[in-house]
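One structure below.
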Amino acid sequence: MAHEVRGVVARAKGEPVRLETILVPDPGPGEALVKVQACGVCHTDLHYREGGINDDFPFLLGHEAAGTVEAVGEAVTDVAPGDFVILNWRAVCGHCRACRRGRPWYCFNTHNAHQRMTLADGTELSPALGIGAFAEKTLVAAGQCTKVDPAAAATAAG
């Protein structure tokens, strides 16, 4: 079942962003649904809106975020509902040569959620840096979630 939430969307190059209704699917295998508590505003979001990253409009903006895991998909073991997390722009595979050598920042096989969030009319969204956190909830690969101390302020953690 999809979650109907509000999110900040850039529909076309240079156009003003809009607060729109988006549909976020329940997490599938390896995915996590995160209720966003805070998201920083980054110049990268402006680059997305201006078409400076790519032209996969419409974009669901926002990527510097912290929130609480609401649900996880099949085979997710590193995070669970209720965990306070920050969101990473890529989930490392854990299996490639770089990951096995303890250098995940060189991962050859980073990934994001497989399912797509959509506008209410079914138009697929491109989440900024695979996160799309200018929304009440977002869907990410579970490996994009890093648990942090729940005593940390969401505004500082994100």
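Residue numbering restarts at 1 in every chain; chains get A, B, ... in the order shown in the structure tokens, and ligands count up from 1 in that same order.
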Just the strand (DSSP E or B) stuff from segment 35-138 of chain A, please, per backbone DSSP, written as a PyMOL selection string.
chain A and resi 35-40+59-60+64-72+84-87+91+111+118-119+124+126-127+135+137-138
12 Å contact set for segment 37-40 of chain A, only C-alpha atoms, chain neighbours under 4 positions out, as a compact mmCIF listing (two decimals) with N, CA, C and O atoms, in the first residue's frame:
# COMPACT_ATOMS: atom_id res chain seq x y z
N GLY A 7 5.57 16.42 -0.62
CA GLY A 7 6.99 16.55 -0.90
C GLY A 7 7.26 17.73 -1.82
O GLY A 7 6.36 18.21 -2.52
N VAL A 8 8.51 18.19 -1.82
CA VAL A 8 8.92 19.34 -2.65
C VAL A 8 9.48 18.80 -3.96
O VAL A 8 10.47 18.07 -3.97
N THR A 44 23.10 21.66 -3.76
CA THR A 44 22.88 20.58 -4.74
C THR A 44 21.42 20.56 -5.20
O THR A 44 21.14 20.28 -6.37
N ASP A 45 20.49 20.85 -4.30
CA ASP A 45 19.07 20.88 -4.69
C ASP A 45 18.81 21.94 -5.75
O ASP A 45 18.03 21.73 -6.68
N LEU A 61 13.24 16.63 -4.25
CA LEU A 61 14.47 17.21 -3.74
C LEU A 61 14.75 16.79 -2.30
O LEU A 61 13.91 16.23 -1.62
N GLY A 62 15.96 17.10 -1.83
CA GLY A 62 16.37 16.88 -0.45
C GLY A 62 17.17 15.60 -0.27
O GLY A 62 16.80 14.55 -0.76
N HIS A 63 18.31 15.73 0.45
CA HIS A 63 19.14 14.56 0.69
C HIS A 63 19.91 14.59 2.01
O HIS A 63 20.42 13.56 2.43
N GLU A 64 20.01 15.70 2.69
CA GLU A 64 20.75 15.78 3.96
C GLU A 64 19.76 15.61 5.10
O GLU A 64 19.30 16.60 5.68
N ALA A 65 19.43 14.35 5.42
CA ALA A 65 18.27 14.11 6.27
C ALA A 65 18.53 13.15 7.43
O ALA A 65 19.43 12.31 7.40
N ALA A 66 17.65 13.29 8.42
CA ALA A 66 17.59 12.38 9.55
C ALA A 66 16.12 12.06 9.80
O ALA A 66 15.24 12.88 9.54
N GLY A 67 15.87 10.86 10.29
CA GLY A 67 14.49 10.47 10.57
C GLY A 67 14.42 9.13 11.26
O GLY A 67 15.43 8.57 11.68
N THR A 68 13.21 8.61 11.33
CA THR A 68 12.96 7.35 12.02
C THR A 68 12.48 6.31 11.02
O THR A 68 11.58 6.58 10.21
N VAL A 69 13.06 5.12 11.09
CA VAL A 69 12.64 4.03 10.24
C VAL A 69 11.22 3.62 10.66
O VAL A 69 10.98 3.35 11.83
N GLU A 70 10.30 3.62 9.69
CA GLU A 70 8.92 3.22 9.97
C GLU A 70 8.67 1.76 9.62
O GLU A 70 7.89 1.08 10.28
N PHE A 84 16.54 5.52 14.83
CA PHE A 84 16.82 6.89 14.40
C PHE A 84 18.03 6.81 13.47
O PHE A 84 19.07 6.25 13.84
N VAL A 85 17.90 7.36 12.25
CA VAL A 85 18.95 7.20 11.23
C VAL A 85 19.23 8.51 10.51
O VAL A 85 18.41 9.42 10.49
N ILE A 86 20.43 8.57 9.93
CA ILE A 86 20.74 9.58 8.93
C ILE A 86 20.76 8.84 7.60
O ILE A 86 20.93 7.62 7.55
N LEU A 87 20.54 9.58 6.52
CA LEU A 87 20.45 8.96 5.19
C LEU A 87 21.69 9.27 4.36
O LEU A 87 22.10 10.42 4.26
N ILE A 131 17.64 9.88 -2.53
CA ILE A 131 17.02 10.00 -1.21
C ILE A 131 15.65 10.69 -1.28
O ILE A 131 14.67 10.15 -0.82
N GLY A 132 15.58 11.90 -1.82
CA GLY A 132 14.30 12.61 -1.91
C GLY A 132 13.69 12.87 -0.54
O GLY A 132 12.58 12.43 -0.26
N ALA A 133 14.41 13.60 0.30
CA ALA A 133 13.98 13.78 1.69
C ALA A 133 13.22 15.06 1.97
O ALA A 133 12.88 15.32 3.13
N PHE A 134 12.94 15.89 0.97
CA PHE A 134 12.05 17.03 1.19
C PHE A 134 10.62 16.49 1.10
O PHE A 134 9.81 16.92 0.29
N ALA A 135 10.34 15.51 1.94
CA ALA A 135 9.04 14.86 1.97
C ALA A 135 8.80 14.36 3.39
O ALA A 135 9.74 14.21 4.18
N GLU A 136 7.55 14.10 3.69
CA GLU A 136 7.22 13.62 5.03
C GLU A 136 7.76 12.21 5.26
O GLU A 136 8.13 11.85 6.38
N LYS A 137 7.83 11.41 4.19
CA LYS A 137 8.41 10.07 4.23
C LYS A 137 9.16 9.85 2.94
O LYS A 137 8.82 10.43 1.90
N THR A 138 10.17 8.97 2.99
CA THR A 138 10.90 8.63 1.79
C THR A 138 11.26 7.15 1.81
O THR A 138 11.29 6.52 2.87
N PRO A 150 19.88 8.24 19.28
CA PRO A 150 18.57 8.87 19.25
C PRO A 150 18.48 10.15 20.08
O PRO A 150 17.52 10.91 19.93
N ALA A 152 20.53 12.56 19.68
CA ALA A 152 21.01 13.63 18.80
C ALA A 152 19.82 14.39 18.22
O ALA A 152 18.77 13.80 17.92
N ALA A 153 19.98 15.68 18.07
CA ALA A 153 18.94 16.50 17.45
C ALA A 153 18.87 16.16 15.97
O ALA A 153 19.91 16.10 15.28
N ALA A 154 17.68 15.92 15.45
CA ALA A 154 17.52 15.58 14.03
C ALA A 154 18.09 16.67 13.14
O ALA A 154 18.67 16.38 12.09
N THR A 155 17.93 17.93 13.54
CA THR A 155 18.43 19.03 12.72
C THR A 155 19.95 19.03 12.62
O THR A 155 20.49 19.41 11.59
N ALA A 156 20.64 18.58 13.65
CA ALA A 156 22.10 18.50 13.61
C ALA A 156 22.56 17.23 12.91
O ALA A 156 23.50 17.25 12.13
N ALA A 157 21.87 16.12 13.16
CA ALA A 157 22.26 14.84 12.57
C ALA A 157 22.10 14.85 11.07
O ALA A 157 22.95 14.36 10.33
N GLY A 158 20.99 15.43 10.59
CA GLY A 158 20.74 15.46 9.16
C GLY A 158 21.66 16.39 8.45
O GLY A 158 22.06 16.19 7.33
Counting only C-alpha atoms, figure out which residue out of A:Asp26, A:Gly14, A:Arg101, A:Asn109 gets nearest to Gly51 of chain A.
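With only C-alpha atoms as the atom set, the closest residue is A:Gly14.
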Each segment 104-155 of chain A residue no farther than 9 Å from segment 15-21 of chain A, nearest pair in Å, only C-alpha atoms, as JSON lines:
{"residue": "A:Thr118", "atom": "CA", "partner": "A:Thr21", "partner_atom": "CA", "distance": 8.9}
{"residue": "A:Leu119", "atom": "CA", "partner": "A:Thr21", "partner_atom": "CA", "distance": 6.3}
{"residue": "A:Ala120", "atom": "CA", "partner": "A:Thr21", "partner_atom": "CA", "distance": 6.0}
{"residue": "A:Ala135", "atom": "CA", "partner": "A:Leu19", "partner_atom": "CA", "distance": 8.9}
Atoms kept (all heavy atoms) for selection, written as a compact mmCIF listing (two decimals), in the first residue's frame:
# COMPACT_ATOMS: atom_id res chain seq x y z
N THR A 118 6.21 8.21 -6.67
CA THR A 118 5.52 8.82 -7.80
C THR A 118 4.70 10.02 -7.36
O THR A 118 4.39 10.19 -6.18
CB THR A 118 4.56 7.82 -8.49
OG1 THR A 118 3.51 7.49 -7.58
CG2 THR A 118 5.29 6.56 -8.94
N LEU A 119 4.32 10.82 -8.36
CA LEU A 119 3.30 11.83 -8.15
C LEU A 119 1.96 11.11 -8.08
O LEU A 119 1.86 9.93 -8.44
CB LEU A 119 3.30 12.85 -9.29
CG LEU A 119 4.55 13.73 -9.39
CD1 LEU A 119 4.54 14.51 -10.70
CD2 LEU A 119 4.67 14.65 -8.19
N ALA A 120 0.92 11.80 -7.64
CA ALA A 120 -0.40 11.18 -7.51
C ALA A 120 -0.91 10.62 -8.84
O ALA A 120 -1.65 9.64 -8.85
CB ALA A 120 -1.39 12.18 -6.93
N ALA A 135 10.34 15.51 1.94
CA ALA A 135 9.04 14.86 1.97
C ALA A 135 8.80 14.36 3.39
O ALA A 135 9.74 14.21 4.18
CB ALA A 135 9.01 13.68 1.00
List the spatial neighbours of Leu125 of chain A as a ChimeraX atom specification - criterion: any atom at most 7 Å away, only C-alpha atoms, same-chain residues fewer than 5 positions off excluded.
/A:58-60,116-119
note - atom CA of Arg97 of chain A and atom CA of Gly30 of chain A are separated by 21.1 Å
